[in-house]
$ cat my_file_9.pdb   # PDB, C-alpha atoms
ATOM      1  CA  MET A  19      36.574   6.259  -6.463
ATOM      2  CA  THR A  20      39.121   3.553  -7.315
ATOM      3  CA  THR A  21      38.503   0.337  -9.167
ATOM      4  CA  PRO A  22      37.022  -2.184  -6.692
ATOM      5  CA  GLY A  23      39.510  -4.855  -5.741
ATOM      6  CA  THR A  24      42.486  -2.725  -6.722
ATOM      7  CA  ASP A  25      45.189  -2.587  -4.073
ATOM      8  CA  PRO A  26      47.381   0.492  -3.811
ATOM      9  CA  ALA A  27      51.126   0.176  -4.305
ATOM     10  CA  ILE A  28      51.476   2.134  -1.050
ATOM     11  CA  ARG A  29      49.167   3.724   1.491
ATOM     12  CA  VAL A  30      50.357   6.354   3.990
ATOM     13  CA  VAL A  31      48.982   8.615   6.694
ATOM     14  CA  LEU A  32      50.556  12.041   6.389
ATOM     15  CA  MET A  33      51.541  13.833   9.569
ATOM     16  CA  PRO A  34      52.222  17.400  10.768
ATOM     17  CA  LYS A  35      55.915  17.158   9.780
ATOM     18  CA  ASP A  36      54.737  16.945   6.140
ATOM     19  CA  THR A  37      52.808  20.240   6.129
ATOM     20  CA  ASN A  38      53.423  23.652   4.690
ATOM     21  CA  ALA A  39      52.618  26.963   6.391
ATOM     22  CA  HIS A  40      48.969  26.671   5.273
ATOM     23  CA  GLY A  41      48.424  23.377   7.076
ATOM     24  CA  THR A  42      48.207  21.199   3.982
ATOM     25  CA  ILE A  43      50.704  18.581   2.859
ATOM     26  CA  PHE A  44      53.672  19.774   0.785
ATOM     27  CA  GLY A  45      53.406  18.834  -2.884
ATOM     28  CA  GLY A  46      56.989  17.572  -2.724
ATOM     29  CA  VAL A  47      55.994  14.983  -0.115
ATOM     30  CA  ILE A  48      53.317  13.684  -2.475
ATOM     31  CA  LEU A  49      55.834  13.654  -5.366
ATOM     32  CA  SER A  50      58.233  11.572  -3.293
ATOM     33  CA  HIS A  51      55.541   8.988  -2.566
ATOM     34  CA  ILE A  52      54.535   8.951  -6.253
ATOM     35  CA  ASP A  53      58.136   8.093  -7.143
ATOM     36  CA  ILE A  54      58.263   5.290  -4.557
ATOM     37  CA  ALA A  55      54.895   3.829  -5.614
ATOM     38  CA  ALA A  56      55.863   3.841  -9.288
ATOM     39  CA  ALA A  57      59.220   2.205  -8.504
ATOM     40  CA  ILE A  58      57.377  -0.579  -6.673
ATOM     41  CA  GLU A  59      55.311  -1.165  -9.825
ATOM     42  CA  VAL A  60      58.481  -1.261 -11.943
ATOM     43  CA  ARG A  61      59.909  -3.998  -9.705
ATOM     44  CA  LYS A  62      57.032  -6.239 -10.848
ATOM     45  CA  HIS A  63      58.358  -5.965 -14.403
ATOM     46  CA  THR A  64      62.148  -5.922 -14.079
ATOM     47  CA  ALA A  65      64.835  -6.512 -11.476
ATOM     48  CA  LYS A  66      67.215  -4.125 -13.255
ATOM     49  CA  LYS A  67      68.574  -1.072 -11.454
ATOM     50  CA  ILE A  68      66.404   1.904 -12.407
ATOM     51  CA  VAL A  69      66.551   5.673 -12.098
ATOM     52  CA  THR A  70      63.780   8.226 -12.387
ATOM     53  CA  LYS A  71      63.940  10.046 -15.716
ATOM     54  CA  ALA A  72      60.757  12.151 -15.678
ATOM     55  CA  MET A  73      57.374  12.808 -14.114
ATOM     56  CA  HIS A  74      54.793  14.015 -16.573
ATOM     57  CA  GLU A  75      51.950  16.436 -15.895
ATOM     58  CA  VAL A  76      51.552  16.454 -12.129
ATOM     59  CA  VAL A  77      48.615  18.758 -11.414
ATOM     60  CA  PHE A  78      47.304  18.920  -7.866
ATOM     61  CA  VAL A  79      43.512  19.113  -7.959
ATOM     62  CA  ALA A  80      42.732  18.697  -4.239
ATOM     63  CA  PRO A  81      44.684  19.288  -1.029
ATOM     64  CA  VAL A  82      45.840  16.607   1.379
ATOM     65  CA  PHE A  83      45.340  17.265   5.076
ATOM     66  CA  VAL A  84      47.135  15.951   8.159
ATOM     67  CA  GLY A  85      45.724  12.543   9.036
ATOM     68  CA  ASP A  86      44.317  11.785   5.581
ATOM     69  CA  ILE A  87      45.008   8.236   4.398
ATOM     70  CA  VAL A  88      46.643   8.662   1.017
ATOM     71  CA  SER A  89      46.675   5.774  -1.466
ATOM     72  CA  PHE A  90      48.897   5.540  -4.533
ATOM     73  CA  TYR A  91      47.519   3.262  -7.269
ATOM     74  CA  THR A  92      49.833   2.182 -10.070
ATOM     75  CA  SER A  93      49.620   0.599 -13.492
ATOM     76  CA  LEU A  94      52.124  -0.139 -16.227
ATOM     77  CA  VAL A  95      51.719   2.195 -19.204
ATOM     78  CA  ARG A  96      54.532   1.182 -21.518
ATOM     79  CA  THR A  97      57.816  -0.674 -21.642
ATOM     80  CA  GLY A  98      60.383   0.621 -24.105
ATOM     81  CA  ARG A  99      63.832  -0.726 -24.865
ATOM     82  CA  THR A 100      65.566   0.976 -21.907
ATOM     83  CA  SER A 101      62.645   2.758 -20.252
ATOM     84  CA  ILE A 102      59.457   1.866 -18.454
ATOM     85  CA  THR A 103      56.496   4.183 -17.785
ATOM     86  CA  VAL A 104      54.070   3.848 -14.893
ATOM     87  CA  LYS A 105      50.845   5.736 -14.185
ATOM     88  CA  VAL A 106      50.142   6.680 -10.567
ATOM     89  CA  ILE A 107      46.760   7.853  -9.296
ATOM     90  CA  VAL A 108      46.712   9.482  -5.867
ATOM     91  CA  GLU A 109      43.622   9.473  -3.694
ATOM     92  CA  ALA A 110      43.030  10.763  -0.149
ATOM     93  CA  GLU A 111      40.533   9.347   2.323
ATOM     94  CA  ARG A 112      39.542  12.285   4.472
ATOM     95  CA  VAL A 113      40.327  12.012   8.160
ATOM     96  CA  SER A 114      37.416  14.378   8.861
ATOM     97  CA  HIS A 115      34.936  12.272   6.853
ATOM     98  CA  PRO A 116      35.865   8.574   6.738
ATOM     99  CA  TYR A 117      34.876   6.885   3.472
ATOM    100  CA  GLU A 118      34.966  10.240   1.676
ATOM    101  CA  TYR A 119      37.645  10.160  -1.020
ATOM    102  CA  ALA A 120      39.255  12.882  -3.108
ATOM    103  CA  ARG A 121      41.383  12.422  -6.215
ATOM    104  CA  VAL A 122      44.511  14.435  -5.419
ATOM    105  CA  THR A 123      46.594  14.063  -8.564
ATOM    106  CA  GLU A 124      47.944  11.614 -11.083
ATOM    107  CA  ALA A 125      51.208  11.332 -12.945
ATOM    108  CA  GLU A 126      53.153   9.245 -15.403
ATOM    109  CA  VAL A 127      56.639   8.408 -14.187
ATOM    110  CA  VAL A 128      59.379   7.306 -16.570
ATOM    111  CA  TYR A 129      62.313   5.195 -15.383
ATOM    112  CA  VAL A 130      65.432   4.114 -17.237
ATOM    113  CA  ALA A 131      67.319   0.879 -16.546
ATOM    114  CA  ILE A 132      71.031   1.449 -15.968
ATOM    115  CA  ASP A 133      74.201  -0.592 -15.547
ATOM    116  CA  ASP A 134      76.899  -0.121 -12.901
ATOM    117  CA  ASN A 135      78.386   2.731 -14.961
ATOM    118  CA  ARG A 136      74.981   4.495 -14.989
ATOM    119  CA  LYS A 137      74.571   3.872 -18.736
ATOM    120  CA  PRO A 138      71.133   2.888 -20.115
ATOM    121  CA  ILE A 139      70.617  -0.831 -20.675
ATOM    122  CA  PRO A 140      67.718  -2.847 -22.105
ATOM    123  CA  ILE A 141      64.827  -3.510 -19.743
ATOM    124  CA  ARG A 142      64.602  -7.060 -21.077
ATOM    125  CA  ASP A 143      67.526  -9.334 -21.749
ATOM    126  CA  GLU A 144      68.139  -9.420 -25.501
ATOM    127  CA  ALA A 145      68.402 -13.245 -25.413
ATOM    128  CA  ASN A 146      65.096 -13.623 -23.516
ATOM    129  CA  PRO A 147      62.674 -10.884 -24.612
TER     130      PRO A 147
END
$ encode --input "my_file_9.pdb" --output "structure tokens"
Amino acid sequence: MTTPGTDPAIRVVLMPKDTNAHGTIFGGVILSHIDIAAAIEVRKHTAKKIVTKAMHEVVFVAPVFVGDIVSFYTSLVRTGRTSITVKVIVEAERVSHPYEYARVTEAEVVYVAIDDNRKPIPIRDEANP
């Protein structure tokens, strides 16, 4: 399902502690991993301190089950003056059917670079764009 040769930013196996009362993985657990994966992608583009500003259009289209191997693929969408946007695609390899994959969700995550006073700062140094 993914682009051949593409490595995920992170890959995790989700466990019983991550489930809801219906036996599937909590959406919030997936959101947390999306945030981490996107932040890893941002680190490839800036060493500035960043904070999460927004996650756009997270729609869950398939469940994740205990034991599924979940991969989070990232790509840079846009770099603004103080913000950076990353796309994350989430895919689950089914524990019950190895080599069967399901697209779980995707999202765009926006980060803002901040200084020590938590004020927005340019992603790139003005002297060295």
$ atom_distance --input "my_file_9.pdb" --atom1 "atom CA of A:Asp25" --atom2 "atom CA of A:Pro140"
28.9 Å
$ resolve_selection --input "my_file_9.pdb" --expression "the PyMOL selection byres ((chain A and resi 75-92) around 8)" --output "ChimeraX atom specification"
/A:24-34,36-37,41-43,45,51-52,55-56,59,73-74,93-94,104-113,120-126
$ atom_distance --input "my_file_9.pdb" --atom1 "atom CA of A:Lys137" --atom2 "atom CA of A:Thr97"
17.6 Å
$ closest_residue --input "my_file_9.pdb" --among "A:Pro138, A:Ile132, A:Ile48, A:Thr103" --to "A:His63" --atoms "only C-alpha atoms"
A:Thr103
$ atom_distance --input "my_file_9.pdb" --atom1 "atom CA of A:Asn135" --atom2 "atom CA of A:Thr64"
18.4 Å
$ resolve_selection --input "my_file_9.pdb" --expression "the PyMOL selection byres ((chain A and resi 71) around 8)" --output "list in words"
Val69, Thr70, Ala72, Met73, Val127, Val128, Tyr129 and Val130 of chain A
$ closest_residue --input "my_file_9.pdb" --among "A:Val47, A:Val95, A:Ile102, A:Ala39" --to "A:Val60" --atoms "only C-alpha atoms"
A:Ile102
$ axis_aligned_box --input "my_file_9.pdb" --around "stretch 76-90 of chain A" --padding-each-side "6 Å" --output "JSON"
{"center_x": 47.1, "center_y": 12.4, "center_z": -1.5, "size_x": 20.8, "size_y": 25.7, "size_z": 33.2}
$ residues_around --input "my_file_9.pdb" --residues "A:Ala65" --least-positions-apart "5" --cutoff "10 Å" --atoms "all atoms listed in the file" --output "PDB file with C-alpha atoms, in the frame of the given file"
ATOM      1  CA  VAL A  60      58.481  -1.261 -11.943  1.00  0.00           C
ATOM      2  CA  ALA A 131      67.319   0.879 -16.546  1.00  0.00           C
ATOM      3  CA  ILE A 141      64.827  -3.510 -19.743  1.00  0.00           C
ATOM      4  CA  ARG A 142      64.602  -7.060 -21.077  1.00  0.00           C
TER       5      ARG A 142
END
$ build_atoms --input "my_file_9.pdb" --residues "stretch 62-86 of chain A" --atoms "N, CA and C atoms" --output "PDB file, keeping the file's coordinate frame"
ATOM      1  N   LYS A  62      57.838  -5.099 -10.389  1.00  0.00           N
ATOM      2  CA  LYS A  62      57.032  -6.239 -10.848  1.00  0.00           C
ATOM      3  C   LYS A  62      57.415  -6.653 -12.262  1.00  0.00           C
ATOM      4  N   HIS A  63      58.088  -5.757 -12.992  1.00  0.00           N
ATOM      5  CA  HIS A  63      58.358  -5.965 -14.403  1.00  0.00           C
ATOM      6  C   HIS A  63      59.832  -6.143 -14.749  1.00  0.00           C
ATOM      7  N   THR A  64      60.716  -5.730 -13.852  1.00  0.00           N
ATOM      8  CA  THR A  64      62.148  -5.922 -14.079  1.00  0.00           C
ATOM      9  C   THR A  64      62.886  -5.833 -12.747  1.00  0.00           C
ATOM     10  N   ALA A  65      63.977  -6.579 -12.660  1.00  0.00           N
ATOM     11  CA  ALA A  65      64.835  -6.512 -11.476  1.00  0.00           C
ATOM     12  C   ALA A  65      66.049  -5.620 -11.738  1.00  0.00           C
ATOM     13  N   LYS A  66      66.087  -5.001 -12.918  1.00  0.00           N
ATOM     14  CA  LYS A  66      67.215  -4.125 -13.255  1.00  0.00           C
ATOM     15  C   LYS A  66      67.235  -2.903 -12.350  1.00  0.00           C
ATOM     16  N   LYS A  67      68.435  -2.332 -12.193  1.00  0.00           N
ATOM     17  CA  LYS A  67      68.574  -1.072 -11.454  1.00  0.00           C
ATOM     18  C   LYS A  67      67.937   0.019 -12.298  1.00  0.00           C
ATOM     19  N   ILE A  68      67.108   0.853 -11.674  1.00  0.00           N
ATOM     20  CA  ILE A  68      66.404   1.904 -12.407  1.00  0.00           C
ATOM     21  C   ILE A  68      66.653   3.268 -11.764  1.00  0.00           C
ATOM     22  N   VAL A  69      66.501   4.294 -12.587  1.00  0.00           N
ATOM     23  CA  VAL A  69      66.551   5.673 -12.098  1.00  0.00           C
ATOM     24  C   VAL A  69      65.352   6.427 -12.676  1.00  0.00           C
ATOM     25  N   THR A  70      64.897   7.406 -11.927  1.00  0.00           N
ATOM     26  CA  THR A  70      63.780   8.226 -12.387  1.00  0.00           C
ATOM     27  C   THR A  70      64.275   9.176 -13.468  1.00  0.00           C
ATOM     28  N   LYS A  71      63.586   9.159 -14.608  1.00  0.00           N
ATOM     29  CA  LYS A  71      63.940  10.046 -15.716  1.00  0.00           C
ATOM     30  C   LYS A  71      63.023  11.265 -15.755  1.00  0.00           C
ATOM     31  N   ALA A  72      61.704  11.043 -15.559  1.00  0.00           N
ATOM     32  CA  ALA A  72      60.757  12.151 -15.678  1.00  0.00           C
ATOM     33  C   ALA A  72      59.453  11.828 -14.964  1.00  0.00           C
ATOM     34  N   MET A  73      58.762  12.886 -14.568  1.00  0.00           N
ATOM     35  CA  MET A  73      57.374  12.808 -14.114  1.00  0.00           C
ATOM     36  C   MET A  73      56.600  13.747 -15.005  1.00  0.00           C
ATOM     37  N   HIS A  74      55.566  13.214 -15.634  1.00  0.00           N
ATOM     38  CA  HIS A  74      54.793  14.015 -16.573  1.00  0.00           C
ATOM     39  C   HIS A  74      53.498  14.520 -15.964  1.00  0.00           C
ATOM     40  N   GLU A  75      53.238  15.808 -16.171  1.00  0.00           N
ATOM     41  CA  GLU A  75      51.950  16.436 -15.895  1.00  0.00           C
ATOM     42  C   GLU A  75      51.387  16.108 -14.518  1.00  0.00           C
ATOM     43  N   VAL A  76      52.063  16.601 -13.482  1.00  0.00           N
ATOM     44  CA  VAL A  76      51.552  16.454 -12.129  1.00  0.00           C
ATOM     45  C   VAL A  76      50.791  17.730 -11.795  1.00  0.00           C
ATOM     46  N   VAL A  77      49.474  17.618 -11.744  1.00  0.00           N
ATOM     47  CA  VAL A  77      48.615  18.758 -11.414  1.00  0.00           C
ATOM     48  C   VAL A  77      47.843  18.393 -10.156  1.00  0.00           C
ATOM     49  N   PHE A  78      48.012  19.182  -9.114  1.00  0.00           N
ATOM     50  CA  PHE A  78      47.304  18.920  -7.866  1.00  0.00           C
ATOM     51  C   PHE A  78      45.905  19.516  -7.962  1.00  0.00           C
ATOM     52  N   VAL A  79      44.894  18.668  -7.800  1.00  0.00           N
ATOM     53  CA  VAL A  79      43.512  19.113  -7.959  1.00  0.00           C
ATOM     54  C   VAL A  79      42.751  19.172  -6.637  1.00  0.00           C
ATOM     55  N   ALA A  80      43.352  18.646  -5.567  1.00  0.00           N
ATOM     56  CA  ALA A  80      42.732  18.697  -4.239  1.00  0.00           C
ATOM     57  C   ALA A  80      43.847  18.655  -3.201  1.00  0.00           C
ATOM     58  N   PRO A  81      43.655  19.314  -2.072  1.00  0.00           N
ATOM     59  CA  PRO A  81      44.684  19.288  -1.029  1.00  0.00           C
ATOM     60  C   PRO A  81      44.659  17.967  -0.261  1.00  0.00           C
ATOM     61  N   VAL A  82      45.759  17.715   0.428  1.00  0.00           N
ATOM     62  CA  VAL A  82      45.840  16.607   1.379  1.00  0.00           C
ATOM     63  C   VAL A  82      46.044  17.231   2.749  1.00  0.00           C
ATOM     64  N   PHE A  83      45.294  16.728   3.721  1.00  0.00           N
ATOM     65  CA  PHE A  83      45.340  17.265   5.076  1.00  0.00           C
ATOM     66  C   PHE A  83      46.012  16.278   6.021  1.00  0.00           C
ATOM     67  N   VAL A  84      46.541  16.799   7.131  1.00  0.00           N
ATOM     68  CA  VAL A  84      47.135  15.951   8.159  1.00  0.00           C
ATOM     69  C   VAL A  84      46.123  14.891   8.573  1.00  0.00           C
ATOM     70  N   GLY A  85      46.579  13.650   8.619  1.00  0.00           N
ATOM     71  CA  GLY A  85      45.724  12.543   9.036  1.00  0.00           C
ATOM     72  C   GLY A  85      44.993  11.848   7.908  1.00  0.00           C
ATOM     73  N   ASP A  86      44.938  12.462   6.720  1.00  0.00           N
ATOM     74  CA  ASP A  86      44.317  11.785   5.581  1.00  0.00           C
ATOM     75  C   ASP A  86      45.090  10.497   5.281  1.00  0.00           C
TER      76      ASP A  86
END
